[in-house]
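The file entry-v3.cif comes next; it holds mmCIF, C-alpha atoms and all ligand atoms.
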```cif
data_entry
loop_
_atom_site.label_atom_id
_atom_site.label_comp_id
_atom_site.auth_asym_id
_atom_site.auth_seq_id
_atom_site.Cartn_x
_atom_site.Cartn_y
_atom_site.Cartn_z
CA MET X 15 -1.96 -42.06 17.68
CA LEU X 16 0.02 -43.32 14.70
CA LYS X 17 0.37 -46.99 15.39
CA SER X 18 2.21 -48.18 12.34
CA ALA X 19 5.86 -47.28 12.05
CA ARG X 20 5.48 -46.65 8.33
CA LEU X 21 2.80 -44.00 8.89
CA ARG X 22 4.86 -42.30 11.55
CA GLY X 23 7.85 -42.22 9.21
CA LEU X 24 5.72 -40.70 6.48
CA PHE X 25 4.48 -38.00 8.81
CA LEU X 26 8.02 -37.10 9.97
CA PHE X 27 9.19 -37.02 6.37
CA ALA X 28 6.42 -34.56 5.47
CA MET X 29 7.40 -32.37 8.41
CA SER X 30 11.09 -32.36 7.55
CA PHE X 31 10.21 -31.53 3.95
CA LEU X 32 8.41 -28.47 5.25
CA THR X 33 11.34 -27.33 7.35
CA ALA X 34 14.02 -27.87 4.75
CA GLY X 35 12.58 -28.69 1.33
CA ALA X 36 10.14 -25.82 0.80
CA PRO X 37 12.47 -22.99 1.80
CA ILE X 38 15.32 -24.41 -0.29
CA ALA X 39 13.03 -24.78 -3.31
CA LEU X 40 11.83 -21.22 -2.89
CA ALA X 41 15.28 -19.80 -2.31
CA ALA X 42 16.38 -21.42 -5.58
CA GLY X 43 13.84 -19.24 -7.39
CA ASP X 44 15.09 -16.20 -5.52
CA ALA X 45 17.42 -15.02 -8.29
CA LYS X 46 14.38 -14.24 -10.41
CA ALA X 47 12.38 -12.71 -7.55
CA GLU X 48 13.17 -9.20 -8.73
CA GLU X 49 11.82 -9.56 -12.28
CA THR X 50 8.87 -11.78 -11.57
CA ASN X 51 5.46 -10.22 -11.21
CA TRP X 52 4.38 -11.85 -7.94
CA THR X 53 1.32 -9.67 -7.74
CA SER X 54 -0.77 -11.96 -9.89
CA TRP X 55 0.29 -14.92 -7.70
CA SER X 56 -0.46 -13.33 -4.39
CA PHE X 57 -3.89 -11.87 -5.24
CA MET X 58 -2.66 -8.38 -4.39
CA PRO X 59 -3.60 -5.05 -5.96
CA GLU X 60 -1.14 -3.83 -8.60
CA ASN X 61 2.27 -2.87 -7.23
CA ILE X 62 3.41 0.62 -8.28
CA ASN X 63 6.40 0.95 -5.93
CA PHE X 64 9.31 -0.52 -7.90
CA SER X 65 11.84 0.33 -5.18
CA TYR X 66 10.80 -2.62 -3.02
CA GLY X 67 7.14 -3.49 -3.68
CA GLN X 68 8.06 -6.60 -5.68
CA LYS X 69 10.15 -7.89 -2.77
CA THR X 70 7.22 -7.49 -0.39
CA ASP X 71 5.06 -9.43 -2.84
CA TYR X 72 7.68 -12.17 -3.15
CA LEU X 73 7.82 -12.56 0.64
CA TYR X 74 4.03 -12.80 0.73
CA PHE X 75 4.24 -15.47 -1.96
CA VAL X 76 6.90 -17.49 -0.08
CA ILE X 77 4.85 -17.39 3.13
CA MET X 78 1.68 -18.30 1.25
CA VAL X 79 3.36 -21.39 -0.28
CA ILE X 80 4.62 -22.58 3.11
CA VAL X 81 1.24 -22.03 4.75
CA ALA X 82 -0.58 -23.70 1.84
CA ILE X 83 1.61 -26.83 2.09
CA MET X 84 1.06 -26.90 5.85
CA PHE X 85 -2.70 -26.44 5.39
CA PHE X 86 -3.15 -29.24 2.87
CA ALA X 87 -0.84 -31.59 4.82
CA THR X 88 -2.69 -31.16 8.13
CA GLU X 89 -6.19 -31.13 6.63
CA GLY X 90 -5.23 -34.14 4.51
CA CYS X 91 -4.09 -36.02 7.65
CA LEU X 92 -7.31 -35.06 9.42
CA LEU X 93 -9.50 -36.41 6.61
CA TYR X 94 -7.38 -39.57 6.20
CA PHE X 95 -7.50 -40.43 9.91
CA MET X 96 -11.23 -39.74 10.09
CA TRP X 97 -11.69 -42.30 7.37
CA LYS X 98 -9.08 -44.79 8.60
CA TYR X 99 -10.24 -44.87 12.23
CA ARG X 100 -13.96 -44.68 11.54
CA ARG X 101 -16.28 -46.87 13.61
CA ARG X 102 -16.40 -50.42 12.30
CA GLU X 103 -17.95 -53.62 13.53
CA GLY X 104 -15.45 -55.77 15.45
CA HIS X 105 -12.87 -52.96 15.87
CA LYS X 106 -12.12 -51.71 19.34
CA ALA X 107 -10.96 -48.13 20.10
CA THR X 108 -7.48 -47.83 21.63
CA TYR X 109 -6.71 -45.47 24.46
CA THR X 110 -3.55 -43.37 23.88
CA HIS X 111 -1.49 -40.90 25.90
CA GLY X 112 -0.08 -39.34 22.72
CA ASN X 113 3.31 -39.61 21.08
CA ASN X 114 6.20 -37.48 22.28
CA THR X 115 8.27 -37.88 19.13
CA ILE X 116 5.50 -36.54 16.92
CA GLU X 117 4.68 -33.72 19.28
CA VAL X 118 8.30 -32.59 19.33
CA ALA X 119 8.39 -32.81 15.53
CA TRP X 120 5.34 -30.66 14.93
CA THR X 121 6.50 -28.06 17.43
CA LEU X 122 10.00 -27.95 16.06
CA ALA X 123 8.99 -27.82 12.39
CA PRO X 124 7.03 -24.52 12.54
CA ALA X 125 9.67 -23.06 14.88
CA LEU X 126 12.39 -23.81 12.32
CA VAL X 127 10.28 -22.36 9.51
CA LEU X 128 9.78 -19.17 11.51
CA ILE X 129 13.49 -18.85 12.33
CA TRP X 130 14.35 -19.44 8.68
CA LEU X 131 11.83 -16.77 7.60
CA ALA X 132 13.19 -14.28 10.12
CA LEU X 133 16.70 -14.70 8.65
CA TYR X 134 15.53 -14.88 5.05
CA GLN X 135 13.61 -11.56 5.06
CA ARG X 136 16.37 -9.55 6.77
CA ASP X 137 17.65 -7.85 3.59
CA THR X 138 14.17 -6.82 2.46
CA TRP X 139 13.33 -5.51 5.92
CA SER X 140 16.46 -3.39 6.13
CA GLN X 141 15.92 -1.98 2.63
CA ILE X 142 12.39 -0.90 3.52
CA LYS X 143 12.78 0.13 7.14
CA MET X 144 16.46 0.92 7.76
CA ASP X 145 18.15 2.11 4.56
CA LEU X 146 16.11 5.24 3.99
CA PRO X 147 17.44 7.65 1.36
CA ALA X 148 19.15 10.80 2.63
CA GLU X 149 16.57 13.55 2.89
CA LYS X 150 18.58 15.86 0.63
CA ASP X 151 18.10 13.32 -2.20
CA ALA X 152 14.37 12.93 -1.71
CA LEU X 153 11.12 14.83 -1.54
CA VAL X 154 10.37 15.24 2.17
CA VAL X 155 6.77 15.64 3.26
CA GLN X 156 5.63 15.92 6.86
CA VAL X 157 2.52 14.02 7.87
CA TYR X 158 0.47 14.97 10.91
CA PRO X 159 -2.70 12.93 11.31
CA GLN X 160 -5.39 13.35 13.93
CA GLN X 161 -8.84 11.84 14.49
CA PHE X 162 -10.08 11.78 11.75
CA GLN X 163 -8.08 13.57 9.12
CA TRP X 164 -4.74 13.62 7.34
CA ASP X 165 -2.60 16.77 7.03
CA PHE X 166 0.52 17.20 4.93
CA ARG X 167 3.18 19.91 4.99
CA TYR X 168 5.79 20.71 2.32
CA GLY X 169 8.87 22.89 2.85
CA GLY X 170 7.71 25.42 0.24
CA LYS X 171 10.06 27.60 -1.81
CA ASP X 172 13.00 27.52 0.60
CA GLY X 173 12.59 23.79 1.18
CA LYS X 174 12.78 24.38 4.93
CA PHE X 175 10.07 23.48 7.40
CA ALA X 176 8.46 25.74 10.00
CA THR X 177 9.00 28.81 7.82
CA LYS X 178 6.41 31.21 6.46
CA ASP X 179 6.27 29.74 2.95
CA ASP X 180 5.31 26.19 4.03
CA VAL X 181 2.62 24.56 1.92
CA TYR X 182 -0.24 22.79 3.72
CA THR X 183 -2.41 20.28 1.86
CA PRO X 184 -5.16 17.82 2.78
CA GLN X 185 -3.89 15.50 0.00
CA LEU X 186 -0.50 14.06 -0.72
CA PHE X 187 1.04 15.12 -4.04
CA VAL X 188 4.15 13.35 -5.31
CA PRO X 189 6.01 13.34 -8.63
CA VAL X 190 6.21 9.98 -10.40
CA SER X 191 9.33 7.80 -9.83
CA GLU X 192 10.95 10.08 -7.28
CA LYS X 193 12.09 9.07 -3.84
CA VAL X 194 9.68 10.32 -1.20
CA VAL X 195 10.42 10.36 2.53
CA LEU X 196 7.52 10.93 4.88
CA LYS X 197 8.24 12.24 8.38
CA MET X 198 5.30 11.47 10.56
CA THR X 199 4.02 11.98 14.06
CA SER X 200 0.48 11.95 15.44
CA LYS X 201 -1.49 14.65 17.20
CA ASP X 202 -3.62 12.31 19.31
CA VAL X 203 -3.82 8.52 19.04
CA ILE X 204 -1.88 5.94 17.02
CA HIS X 205 -2.68 6.13 13.31
CA SER X 206 -1.28 4.13 10.43
CA PHE X 207 -0.32 5.35 6.96
CA PHE X 208 -1.53 2.64 4.58
CA VAL X 209 -1.32 2.68 0.77
CA PRO X 210 -1.74 -0.89 -0.54
CA TYR X 211 -0.65 0.01 -4.11
CA LEU X 212 2.70 1.23 -2.72
CA ARG X 213 3.10 -1.73 -0.33
CA VAL X 214 3.46 0.84 2.45
CA LYS X 215 2.01 0.55 5.93
CA GLN X 216 3.56 2.44 8.80
CA ASP X 217 2.22 3.25 12.24
CA ILE X 218 2.28 6.86 13.44
CA VAL X 219 2.69 7.34 17.17
CA PRO X 220 2.18 10.53 19.20
CA GLY X 221 5.43 11.96 20.55
CA MET X 222 7.54 9.85 18.22
CA LEU X 223 8.98 10.39 14.75
CA THR X 224 8.47 7.60 12.25
CA ARG X 225 9.80 7.79 8.73
CA VAL X 226 8.78 5.82 5.70
CA TRP X 227 10.00 5.97 2.12
CA PHE X 228 8.78 4.85 -1.30
CA THR X 229 8.74 5.66 -4.98
CA ALA X 230 5.43 5.85 -6.86
CA ASP X 231 6.39 4.60 -10.31
CA ARG X 232 3.05 4.66 -12.09
CA ILE X 233 0.43 7.37 -12.61
CA PRO X 234 -3.15 6.38 -11.77
CA LEU X 235 -5.66 7.33 -14.47
CA TRP X 236 -9.34 6.58 -14.88
CA ASP X 237 -10.22 5.09 -18.26
CA LEU X 238 -13.50 6.81 -19.23
CA LYS X 239 -14.43 4.25 -21.87
CA LYS X 240 -14.00 1.18 -19.67
CA GLN X 241 -14.78 3.09 -16.45
CA GLU X 242 -11.88 1.51 -14.56
CA MET X 243 -8.54 2.53 -13.07
CA VAL X 244 -5.33 2.04 -15.02
CA PHE X 245 -1.70 2.76 -14.16
CA VAL X 246 0.56 4.34 -16.80
CA THR X 247 4.20 5.38 -17.09
CA ALA X 248 5.21 9.04 -17.37
CA ALA X 249 5.97 8.49 -21.08
CA ASP X 250 2.54 6.91 -21.68
CA PHE X 251 0.85 9.76 -19.87
CA ASP X 252 1.90 12.23 -22.57
CA THR X 253 0.33 10.13 -25.32
CA LYS X 254 -3.11 10.18 -23.69
CA ARG X 255 -5.76 12.90 -23.55
CA VAL X 256 -6.24 13.33 -19.83
CA GLY X 257 -8.96 15.42 -18.19
CA ASN X 258 -8.66 17.16 -14.85
CA ALA X 259 -10.56 15.48 -12.01
CA LYS X 260 -12.13 18.81 -10.97
CA ASP X 261 -14.14 18.87 -14.22
CA PHE X 262 -15.58 15.43 -13.55
CA ALA X 263 -17.95 14.02 -10.94
CA TRP X 264 -17.19 10.74 -9.20
CA LYS X 265 -20.23 8.50 -9.06
CA GLU X 266 -20.92 5.40 -7.00
CA GLU X 267 -23.75 3.08 -7.95
CA VAL X 268 -24.65 0.15 -5.70
CA LEU X 269 -25.38 -2.97 -7.73
CA GLY X 270 -28.51 -4.82 -6.60
CA THR X 271 -28.47 -6.29 -3.11
CA SER X 272 -24.88 -7.54 -3.31
CA GLY X 273 -23.54 -4.21 -2.04
CA ARG X 274 -20.95 -4.21 -4.81
CA LYS X 275 -20.30 -0.77 -6.21
CA LYS X 276 -19.88 0.42 -9.76
CA LEU X 277 -17.67 3.50 -9.90
CA SER X 278 -17.57 6.02 -12.71
CA TYR X 279 -16.56 9.53 -13.68
CA GLU X 280 -18.89 11.86 -15.54
CA ALA X 281 -18.22 15.33 -16.98
CA LYS X 282 -19.73 18.13 -14.92
CA GLU X 283 -21.90 20.83 -16.40
CA ARG X 284 -20.68 24.39 -15.97
CA LYS X 285 -22.90 26.61 -13.83
CA ALA X 286 -21.24 29.87 -14.86
CA GLY X 287 -18.66 31.30 -17.24
CA PRO X 288 -18.44 31.47 -21.03
CA ALA X 289 -19.39 27.82 -21.45
CA LYS X 290 -22.39 27.88 -19.11
CA GLY X 291 -24.50 24.73 -19.40
CA GLN X 292 -21.94 23.15 -21.69
CA LYS X 293 -19.58 20.36 -20.78
CA VAL X 294 -16.08 21.74 -21.28
CA CYS X 295 -12.90 20.46 -19.68
CA GLU X 296 -9.24 21.11 -19.13
CA LEU X 297 -7.14 18.61 -21.05
CA TYR X 298 -3.52 17.46 -20.80
CA PHE X 299 -2.00 16.14 -23.98
CA GLN X 300 1.66 15.78 -24.97
CA GLY X 301 2.80 17.91 -22.07
CA GLU X 302 0.46 20.78 -22.92
CA VAL X 303 -2.64 22.04 -21.12
CA GLN X 304 -5.67 22.93 -23.26
CA LYS X 305 -8.53 24.82 -21.63
CA ASP X 306 -12.26 24.74 -22.47
CA VAL X 307 -12.21 21.78 -24.83
CA PRO X 308 -15.36 19.62 -25.11
CA CYS X 309 -15.18 16.93 -22.43
CA GLU X 310 -15.79 14.13 -24.98
CA GLN X 311 -12.19 14.65 -26.11
CA ALA X 312 -10.90 13.33 -22.79
CA GLU X 313 -10.10 9.60 -22.81
CA TYR X 314 -8.88 9.50 -19.23
CA VAL X 315 -9.21 11.46 -15.99
CA LEU X 316 -6.35 12.10 -13.58
CA HIS X 317 -7.16 9.65 -10.81
CA ARG X 318 -5.88 9.16 -7.27
CA VAL X 319 -5.21 6.27 -4.95
CA GLU X 320 -6.50 6.10 -1.42
CA ILE X 321 -4.51 6.62 1.76
CA ALA X 322 -6.22 4.80 4.59
CA CYS X 323 -5.64 4.74 8.31
CA ALA X 324 -5.00 1.08 9.10
CA GLU X 325 -5.29 1.67 12.83
CA LEU X 326 -8.64 1.28 14.51
CA CYS X 327 -8.47 4.88 15.74
CA GLY X 328 -12.11 5.33 16.69
CA LEU X 329 -15.69 4.86 15.63
CA GLY X 330 -15.07 7.11 12.64
CA HIS X 331 -12.30 4.82 11.38
CA THR X 332 -13.64 4.48 7.85
CA THR X 333 -13.85 8.24 7.44
CA MET X 334 -10.12 8.66 8.00
CA ARG X 335 -8.83 8.72 4.48
CA ALA X 336 -6.90 11.01 2.18
CA MET X 337 -5.88 10.84 -1.45
CA LEU X 338 -2.49 10.34 -3.00
CA GLN X 339 -2.00 12.12 -6.29
CA ILE X 340 0.90 10.84 -8.39
CA LEU X 341 1.76 13.32 -11.16
CA PRO X 342 4.22 13.59 -14.04
CA LYS X 343 7.13 15.79 -12.90
CA LYS X 344 6.02 18.76 -15.02
CA ARG X 345 2.46 18.69 -13.69
CA TYR X 346 3.73 18.27 -10.14
CA ASP X 347 5.99 21.33 -10.47
CA GLU X 348 3.06 23.38 -11.78
CA VAL X 349 0.79 22.32 -8.92
CA MET X 350 3.51 23.03 -6.34
CA ALA X 351 4.43 26.39 -7.88
CA LYS X 352 0.79 27.44 -7.64
CA ALA X 353 0.53 26.22 -4.04
CA GLU X 354 3.76 28.03 -3.15
CA ARG X 355 2.46 31.25 -4.69
CA LEU X 356 -0.76 30.95 -2.70
CA ALA X 357 1.19 30.19 0.49
CA GLU X 358 3.12 33.44 0.04
CA GLU X 359 0.05 35.53 -0.66
CA GLU X 360 -2.44 34.06 1.77
CA ALA X 361 -2.48 33.17 5.44
CA PRO X 362 -2.14 29.42 6.13
CA PRO X 363 -5.48 27.59 5.96
CA ALA X 364 -7.54 27.32 9.13
CA GLY X 365 -6.65 24.35 11.30
CA THR X 366 -2.92 24.39 10.53
CA ALA X 367 -2.07 26.27 13.73
CA LYS X 368 -1.59 22.89 15.42
CA TRP X 369 1.65 22.41 13.48
CA GLY X 370 3.13 25.47 15.20
CA LYS X 371 1.52 24.72 18.55
CA ILE X 372 2.59 21.09 18.85
CA TRP X 373 4.85 19.88 16.05
CA ASP X 374 7.19 22.89 15.81
CA LYS X 375 7.11 23.59 19.53
CA PHE X 376 7.88 20.12 20.85
CA HIS X 377 9.45 18.42 17.84
CA ALA X 378 11.57 21.18 16.30
CA ASP X 379 14.28 18.58 15.55
CA TYR X 380 11.84 16.75 13.22
CA ASN X 381 12.10 19.76 10.88
CA THR X 382 15.81 19.39 10.19
CA PRO X 383 17.03 17.14 7.36
CA MET X 384 18.29 13.68 8.30
CA GLY X 385 20.91 11.58 6.53
CA ALA X 386 20.54 8.14 5.07
CA GLY X 387 19.56 5.18 7.24
CA HIS X 388 17.37 5.18 10.26
CU CU P 401 -6.34 6.84 12.33
#
```

Can you give me the file's structure in the form of structure tokens?
Amino acid sequence: MLKSARLRGLFLFAMSFLTAGAPIALAAGDAKAEETNWTSWSFMPENINFSYGQKTDYLYFVIMVIVAIMFFATEGCLLYFMWKYRRREGHKATYTHGNNTIEVAWTLAPALVLIWLALYQRDTWSQIKMDLPAEKDALVVQVYPQQFQWDFRYGGKDGKFATKDDVYTPQLFVPVSEKVVLKMTSKDVIHSFFVPYLRVKQDIVPGMLTRVWFTADRIPLWDLKKQEMVFVTAADFDTKRVGNAKDFAWKEEVLGTSGRKKLSYEAKERKAGPAKGQKVCELYFQGEVQKDVPCEQAEYVLHRVEIACAELCGLGHTTMRAMLQILPKKRYDEVMAKAERLAEEEAPPAGTAKWGKIWDKFHADYNTPMGAGH
């Protein structure tokens, strides 16, 4: 195929640059990988998991650079050869059986890149998947999905699972910047716990315990003026006037024929109570809760991020979603205290019997705390 020796040399040089040059160049920048915001480079949603999210983004970036070089090199060759060997008067086509040297080179080059990547990402992989925090140092939540819903269970007041004071929720509540360990198994088919903002995606298999850990280091809020989501720190949260999502309605408006959606929150009107017909809200400001204030005073609404099932678990796939609520520690404690009080007073919600019937019966060992590691 490549008749001239110079061309062949050029091609081999490009290939060896890919195998050695690119990884070395990238590894040189590795020292700064931790501080750099790779999100903007890798076209990803904002990363709010500072425990390892930035490392995931950096790996994505490294792989994207390698693939981009490969893409432009091969497509460049394709275009060049199309032009160089185009049909011309007086030029005869040559019949070729191929070139073994080049074939070995372009098989070996990607193989070496893959081997290098496998070695290079080992530390990140073990931090995410192997070195889980000890459960006594983390908030442990059990996750028990089924077609097509998510269910979560907290230990309740005694912190122990499979006891009477367990708290059952259809949403996941976590305090900001705290280590969270999820212990998960499935009731029916394989599901997958996927939260892009946390850089977390973990399959959940029936009859098997999978654990995943993360920290959620930013609180999602909805900016009412700009009608868009923002992420704030716990300290920033206290400086903002934040409304409770239950006082607001979530609206979706489809824009023209493009199918793009415009999302917004709007204050709800009260149907009953002292402020009937009026728009009054609950407001958090500087760590305090104010009740029945006019909704116009709210600048933000407590927002949530989506938990999706990334497994194609049936026709109703898109309906399998839950919400993750990330709260300042004080708010989280209030919400949990209320849930714990309700759990003591009331019978567990309908549909939670499956925990006792399957989870506690067959996987009683999942309920005991585990140490660090996997
Ligand atoms: Cu699913």

Give me the residues near Thr253 (chain X) as a PyMOL selection string, where near means some atom within 9 Å (using only C-alpha atoms) and where sequence neighbours in that chain fewer than 2 positions away do not count. chain X and resi 249-251+255+299-301

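Restricting the atom set to all atoms listed in the file, one finds that the residues within 10 Å of ligand CU 401 (chain P) amount to Pro159, Gln160, Gln161, Phe162, Gln163, Trp164, Ser200, Asp202, Val203, Ile204, His205, Ser206, Phe207, Asp217, Ile218, Ala322, Cys323, Ala324, Glu325, Leu326, Cys327, Gly328, Gly330, His331, Thr332, Thr333, Met334 and Arg335 of chain X.
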
Non-local contacts of Lys305 (chain X) (9 Å; all atoms listed in the file; under 5 positions in same chain excluded) as a PyMOL selection string: chain X and resi 294-298

CA of Lys254 (chain X) to CA of Glu310 (chain X) measures 13.3 Å

Give me the residues within 8 Å of region 220-228 of chain X as a PyMOL selection string, counting all atoms listed in the file and dropping any in the same chain fewer than 5 places off. chain X and resi 63+65-66+142-143+146-147+193-204+212+214+380

Do you have the CA of Asn381 (chain X)-CA of Phe175 (chain X) distance handy?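 Atom-to-atom, CA of Asn381 (chain X) to CA of Phe175 (chain X), that is 5.5 Å.
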
If we count all atoms listed in the file and set the cut-off at 10 Å, which residues sit around Ala386 (chain X), ignoring sequence neighbours fewer than 4 positions away in its own chain? Please answer as a list in words. Met144, Asp145, Leu146, Pro147, Ala148, Glu149, Lys150 and Asp151 of chain X

Contacts of Asp261 (chain X) at 9 Å or less, counting all atoms listed in the file, minus same-chain residues fewer than 4 places along, as a PyMOL selection string? chain X and resi 257+280-284+293-296+309

Mind pulling up the distance from CA of Thr108 (chain X) to CA of Met96 (chain X)?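 For CA of Met96 (chain X) relative to CA of Thr108 (chain X), the distance reads 14.6 Å.
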
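Ranking X:Thr183, X:Gln135, X:Arg100, X:Ile129 by their shortest atom-to-atom distance to Tyr168 (chain X), with only C-alpha atoms included, puts X:Thr183 first.
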
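Of the residues listed (X:Asp180, X:Asp172, X:Glu103, X:Asp165), X:Asp180 shows the shortest atom-to-atom separation from Ala353 (chain X); distances use only C-alpha atoms.
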